[in-house]
Amino acid sequence: MVKVISAAEAAAMIKPGSRLAIGGFLAVGAPEDILDAIVEQGTNDLHMIVIASDWENRGVGKLIQNRLVKSAQVSHLGTNRTIQAQMNAGEMDIELVPQGTLMERVRAFGAGLGGILTPTGIGTIVEEGKQIINHGGVDYILEPAIPSDFALVKAYKADKSGNLTFRKTARNSNPIMAMAGKITIVEAEHIVEIGELDPEEVITPGVFVDYLVQSKEVTNG
Amino acid sequence: MDKRQMIGKRIAQEFKDGDYVNLGIGLPTLAVNYIPENVHVTFQSENGILGTGPSPAEGAEDKDMINAGGGFITALPHASFFDSALSFAIIRGGHVDATVLGALQVDGKGNLANWMIPGKMVPGMGGAMDLVTGARSVIVAMEHVDKYGNSKILKECTLPLTAKGKVTLIITDMAVLKVTAQGLVLQELAVGTTVEDVVKATEAELIIPDVIGTFGD
């Protein structure tokens, strides 16, 4: 059984300096209640691993707006002027990572791999300072796994053993981030009893999940 | 015909029945309106869907249904949803037949720069580097010159690259250029545009074949 806790209890586990792998794509599939609780508690100096910096008032944009993030590994900042301003002012240390590479690096950590070889970024500034490995006549960049302390994930349904399903394009990075947290906290729209999810429909097995939070947002169908 | 629509219409002719295609935001998405009825193309959006359908009617938007540009979408009956790692396995693994993207600069060697202007604009590469690296054909769709009238098709890109040597075709409001090992071949001219117009608006060397097609009528 996975423990069901409040968003405030989830946020209280996160300390200044924690590394957070956060699900969502342009705030769709973002664990908004847990993010709100972090903002409320004012936990700062966070490192954020996320696809995009979302919008100023939605998704991880709320952490940025409240100056809680000191560094990030992220692929896209285009929708959020605040993070670009903080980066240009030298207030935030940002590693821009191609989106597919970011996902595989996070997945690698969850899968017990040291890193991955990818052709993405060859011949660009992304390869600078990195080891290039030629395999089968093709150049690949050695990209290291990205560790995190906490994965913060949004699911559609969770059963009480932590098995998860997701809804439509809100799935996005959530199953990947869920694999990579030393502690994985899932905000779910529906928390159901064991037996209510068909094992065939489970996307993320409960082995990856430590805590569940009931989301305020509940979609049906 | 409006020149952006003309580019959109010309992009659509590149797709074959059964193709899987990823369209960048902006100009490339105009192609959707011009795909012939007998050509069935499945569109991917890198946030995790194959089989995106038209925009929903106002009031029928679903909070969990967006494309990679953040716009609301619908799903066609043959659609599938998947996570972001799988989405980029599809892209990087060569399973997408074509990707169409805009560019800040492109050059005669098929290099593309479209993700940053140092000191000015750093939105991040998002999925563009993976798309350009992995898609089987990489089509750049853009206006031939920038708003100051400078050529965007250069001998060599000066901005940070998105990928090296991956562009296969360039479609602009003036011409269609094929990227070959020998350089850029002027394949087609937009109606009303001359070879001289294109040469003048292109910094890169052009290979001018004996027979040149036209588009945009």
# chains A, B, ... in the order shown; residues from 1 in each chain; ligands from 1
call {"tool": "interface_residues", "arguments": {"of": "chain B", "to": "chain A", "cutoff": "7 Å", "atoms": "only C-alpha atoms", "output": "PyMOL selection string"}}
result
chain B and resi 47-49+64-66+70+81-85+88+123-127+129-130+133+160-164
call {"tool": "residues_around", "arguments": {"residues": "B:Phe15", "least_positions_apart": "2", "cutoff": "8 Å", "atoms": "only C-alpha atoms", "output": "number ranges by chain"}}
result
B: 11-13, 17, 19, 35, 39, 41, 98
call {"tool": "write_last_selection", "arguments": {"atoms": "all heavy atoms", "output": "compact mmCIF listing (two decimals), in the first residue's frame"}}
result
# COMPACT_ATOMS: atom_id res chain seq x y z
N ILE B 11 4.27 22.68 -49.52
CA ILE B 11 4.73 21.69 -48.53
C ILE B 11 3.89 20.41 -48.65
O ILE B 11 4.42 19.30 -48.66
CB ILE B 11 4.60 22.23 -47.08
CG1 ILE B 11 5.51 23.43 -46.82
CG2 ILE B 11 4.92 21.11 -46.06
CD1 ILE B 11 5.17 24.18 -45.52
N ALA B 12 2.57 20.62 -48.75
CA ALA B 12 1.63 19.47 -48.75
C ALA B 12 1.94 18.49 -49.88
O ALA B 12 1.69 17.29 -49.75
CB ALA B 12 0.20 19.97 -48.84
N GLN B 13 2.50 18.99 -50.99
CA GLN B 13 2.81 18.10 -52.13
C GLN B 13 3.96 17.14 -51.82
O GLN B 13 4.19 16.18 -52.56
CB GLN B 13 3.17 18.93 -53.36
CG GLN B 13 1.98 19.68 -53.93
CD GLN B 13 2.41 20.65 -55.02
OE1 GLN B 13 3.45 20.49 -55.64
NE2 GLN B 13 1.60 21.67 -55.25
N ASP B 17 1.08 9.13 -49.47
CA ASP B 17 0.05 8.38 -48.76
C ASP B 17 0.71 7.46 -47.72
O ASP B 17 1.65 6.75 -48.04
CB ASP B 17 -0.77 7.56 -49.76
CG ASP B 17 -2.03 7.00 -49.13
OD1 ASP B 17 -2.67 7.71 -48.33
OD2 ASP B 17 -2.36 5.84 -49.43
N ASP B 19 2.31 8.50 -44.99
CA ASP B 19 3.41 9.15 -44.27
C ASP B 19 3.03 9.53 -42.84
O ASP B 19 1.88 9.88 -42.55
CB ASP B 19 3.83 10.46 -44.99
CG ASP B 19 4.87 10.21 -46.08
OD1 ASP B 19 5.28 9.05 -46.27
OD2 ASP B 19 5.27 11.19 -46.74
N ILE B 35 -3.65 19.06 -48.12
CA ILE B 35 -3.29 17.67 -48.42
C ILE B 35 -4.37 17.04 -49.29
O ILE B 35 -5.56 17.10 -48.95
CB ILE B 35 -3.08 16.90 -47.11
CG1 ILE B 35 -1.85 17.49 -46.41
CG2 ILE B 35 -2.86 15.40 -47.36
CD1 ILE B 35 -1.66 17.06 -45.00
N VAL B 39 -4.47 11.28 -50.22
CA VAL B 39 -3.22 11.11 -49.47
C VAL B 39 -3.54 11.16 -47.97
O VAL B 39 -4.07 12.14 -47.48
CB VAL B 39 -2.21 12.22 -49.84
CG1 VAL B 39 -0.96 12.13 -48.97
CG2 VAL B 39 -1.83 12.12 -51.31
N VAL B 41 -2.20 11.21 -44.33
CA VAL B 41 -1.00 11.52 -43.57
C VAL B 41 -1.36 11.50 -42.08
O VAL B 41 -2.41 12.02 -41.70
CB VAL B 41 -0.46 12.92 -43.96
CG1 VAL B 41 0.71 13.32 -43.07
CG2 VAL B 41 -0.03 12.93 -45.42
N ALA B 98 8.69 12.70 -42.42
CA ALA B 98 9.08 14.07 -42.73
C ALA B 98 8.81 15.00 -41.56
O ALA B 98 7.81 14.84 -40.85
CB ALA B 98 8.30 14.58 -43.96
call {"tool": "residues_around", "arguments": {"residues": "B:Glu188", "least_positions_apart": "4", "cutoff": "7 Å", "atoms": "only C-alpha atoms", "output": "number ranges by chain"}}
result
B: 175-176, 212-215
call {"tool": "closest_residue", "arguments": {"among": "B:Ala103, B:Tyr148, B:Gln187, B:His78", "to": "B:His40", "atoms": "only C-alpha atoms"}}
result
B:His78
call {"tool": "residues_around", "arguments": {"residues": "B:Gly183", "least_positions_apart": "6", "cutoff": "12 Å", "atoms": "only C-alpha atoms", "output": "number ranges by chain"}}
result
B: 107-111, 153-156, 165, 167-169, 177, 204-208
call {"tool": "select_by_dssp", "arguments": {"residues": "stretch 12-217 of chain B", "states": "strand (DSSP E)", "output": "ChimeraX atom specification"}}
result
/B:20-23,42-45,49-53,74-81,98-101,105-107,112-113,137-141,153-154,169-171,175-180,183-190,206-207,213-215
call {"tool": "select_by_dssp", "arguments": {"residues": "chain B", "states": "helix (DSSP H, G or I)", "output": "count of residues only"}}
result
40
call {"tool": "atom_distance", "arguments": {"atom1": "atom CA of B:Asp2", "atom2": "atom CA of B:Leu184"}}
result
25.5 Å
call {"tool": "residues_around", "arguments": {"residues": "B:Arg10", "least_positions_apart": "5", "cutoff": "12 Å", "atoms": "only C-alpha atoms", "output": "VMD selection string"}}
result
chain B and resid 3 to 5 15 27 to 28 30 to 36 100 139 to 142 169 to 176 188 to 190 214 to 217
call {"tool": "write_last_selection", "arguments": {"atoms": "N, CA, C and O atoms", "output": "short mmCIF file (atom, residue, chain, number, x, y, z; two decimals), in the first residue's frame"}}
result
data_model
loop_
_atom_site.label_atom_id
_atom_site.label_comp_id
_atom_site.auth_asym_id
_atom_site.auth_seq_id
_atom_site.Cartn_x
_atom_site.Cartn_y
_atom_site.Cartn_z
N LYS B 3 1.35 34.54 -49.94
CA LYS B 3 2.58 33.75 -50.11
C LYS B 3 2.79 32.70 -49.03
O LYS B 3 3.37 31.65 -49.28
N ARG B 4 2.25 32.96 -47.83
CA ARG B 4 2.36 31.92 -46.78
C ARG B 4 1.50 30.71 -47.13
O ARG B 4 1.90 29.57 -46.95
N GLN B 5 0.29 30.98 -47.67
CA GLN B 5 -0.58 29.88 -48.10
C GLN B 5 0.06 29.11 -49.25
O GLN B 5 -0.05 27.88 -49.34
N PHE B 15 4.13 15.23 -49.22
CA PHE B 15 3.70 14.08 -48.43
C PHE B 15 3.13 12.98 -49.30
O PHE B 15 2.39 13.23 -50.23
N LEU B 27 4.17 28.65 -39.79
CA LEU B 27 4.03 28.41 -41.23
C LEU B 27 3.83 26.94 -41.63
O LEU B 27 2.93 26.64 -42.42
N PRO B 28 4.63 25.99 -41.11
CA PRO B 28 4.45 24.59 -41.55
C PRO B 28 3.04 24.05 -41.35
O PRO B 28 2.58 23.23 -42.15
N LEU B 30 0.30 25.32 -41.97
CA LEU B 30 -0.62 25.69 -43.05
C LEU B 30 -0.77 24.57 -44.07
O LEU B 30 -1.76 24.50 -44.80
N ALA B 31 0.22 23.66 -44.11
CA ALA B 31 0.18 22.54 -45.07
C ALA B 31 -1.05 21.65 -44.87
O ALA B 31 -1.55 21.04 -45.82
N VAL B 32 -1.53 21.59 -43.62
CA VAL B 32 -2.64 20.70 -43.28
C VAL B 32 -3.85 20.92 -44.19
O VAL B 32 -4.56 19.99 -44.56
N ASN B 33 -4.07 22.18 -44.57
CA ASN B 33 -5.25 22.53 -45.36
C ASN B 33 -5.16 22.11 -46.83
O ASN B 33 -6.12 22.24 -47.56
N TYR B 34 -3.99 21.65 -47.27
CA TYR B 34 -3.80 21.41 -48.71
C TYR B 34 -3.44 19.97 -49.06
O TYR B 34 -2.96 19.69 -50.16
N ILE B 35 -3.65 19.06 -48.12
CA ILE B 35 -3.29 17.67 -48.42
C ILE B 35 -4.37 17.04 -49.29
O ILE B 35 -5.56 17.10 -48.95
N PRO B 36 -3.99 16.49 -50.44
CA PRO B 36 -4.99 15.91 -51.36
C PRO B 36 -5.81 14.82 -50.67
O PRO B 36 -5.32 14.14 -49.76
N VAL B 100 8.73 19.29 -40.90
CA VAL B 100 8.76 20.58 -41.57
C VAL B 100 8.95 21.65 -40.50
O VAL B 100 8.19 21.71 -39.54
N ILE B 139 12.35 19.22 -44.07
CA ILE B 139 11.93 20.29 -44.98
C ILE B 139 11.91 21.61 -44.23
O ILE B 139 11.23 21.74 -43.21
N VAL B 140 12.68 22.56 -44.72
CA VAL B 140 12.64 23.91 -44.15
C VAL B 140 11.63 24.72 -44.95
O VAL B 140 11.69 24.75 -46.18
N ALA B 141 10.69 25.34 -44.26
CA ALA B 141 9.67 26.17 -44.90
C ALA B 141 9.76 27.56 -44.30
O ALA B 141 9.62 27.73 -43.08
N MET B 142 10.03 28.55 -45.15
CA MET B 142 10.22 29.91 -44.62
C MET B 142 10.16 30.92 -45.75
O MET B 142 10.15 30.56 -46.93
N LEU B 169 15.30 19.64 -48.10
CA LEU B 169 14.56 20.48 -49.05
C LEU B 169 14.23 21.82 -48.40
O LEU B 169 13.94 21.87 -47.20
N ILE B 170 14.28 22.89 -49.20
CA ILE B 170 13.93 24.22 -48.71
C ILE B 170 12.78 24.76 -49.57
O ILE B 170 12.91 24.81 -50.80
N ILE B 171 11.68 25.11 -48.93
CA ILE B 171 10.53 25.66 -49.66
C ILE B 171 10.31 27.09 -49.17
O ILE B 171 10.11 27.32 -47.97
N THR B 172 10.39 28.05 -50.09
CA THR B 172 10.20 29.45 -49.73
C THR B 172 9.11 30.07 -50.60
O THR B 172 8.53 29.40 -51.46
N ASP B 173 8.87 31.35 -50.39
CA ASP B 173 7.90 32.07 -51.22
C ASP B 173 8.44 32.32 -52.62
O ASP B 173 7.71 32.77 -53.50
N MET B 174 9.74 32.03 -52.87
CA MET B 174 10.33 32.26 -54.19
C MET B 174 10.70 30.98 -54.92
O MET B 174 10.69 30.97 -56.17
N ALA B 175 11.07 29.95 -54.18
CA ALA B 175 11.65 28.79 -54.85
C ALA B 175 11.58 27.54 -54.00
O ALA B 175 11.34 27.60 -52.79
N VAL B 176 11.81 26.40 -54.68
CA VAL B 176 12.04 25.14 -53.99
C VAL B 176 13.48 24.72 -54.30
O VAL B 176 13.86 24.63 -55.47
N GLU B 188 12.39 24.43 -58.37
CA GLU B 188 11.16 25.08 -58.84
C GLU B 188 11.19 26.56 -58.51
O GLU B 188 11.80 26.98 -57.53
N LEU B 189 10.49 27.32 -59.35
CA LEU B 189 10.32 28.76 -59.13
C LEU B 189 8.86 29.05 -58.80
O LEU B 189 7.96 28.45 -59.40
N ALA B 190 8.63 29.97 -57.88
CA ALA B 190 7.25 30.42 -57.64
C ALA B 190 6.79 31.19 -58.88
O ALA B 190 7.60 31.87 -59.54
N THR B 214 7.60 24.96 -61.86
CA THR B 214 6.99 26.12 -61.20
C THR B 214 5.97 25.63 -60.17
O THR B 214 5.50 24.50 -60.22
N PHE B 215 5.67 26.51 -59.21
CA PHE B 215 4.61 26.22 -58.25
C PHE B 215 3.91 27.52 -57.89
O PHE B 215 4.41 28.61 -58.20
N GLY B 216 2.74 27.37 -57.28
CA GLY B 216 2.03 28.56 -56.77
C GLY B 216 0.97 29.09 -57.70
O GLY B 216 0.42 30.16 -57.46
N ASP B 217 0.63 28.34 -58.79
CA ASP B 217 -0.46 28.82 -59.64
C ASP B 217 -1.79 28.26 -59.19
O ASP B 217 -1.87 27.44 -58.30
#
call {"tool": "closest_residue", "arguments": {"among": "A:Thr165, A:Ser71, A:Ser53, A:Gln214", "to": "A:Ile185", "atoms": "only C-alpha atoms"}}
result
A:Gln214
call {"tool": "closest_residue", "arguments": {"among": "A:Arg19, A:Lys70, A:Arg58, A:Lys216", "to": "A:Asn44", "atoms": "only C-alpha atoms"}}
result
A:Lys70
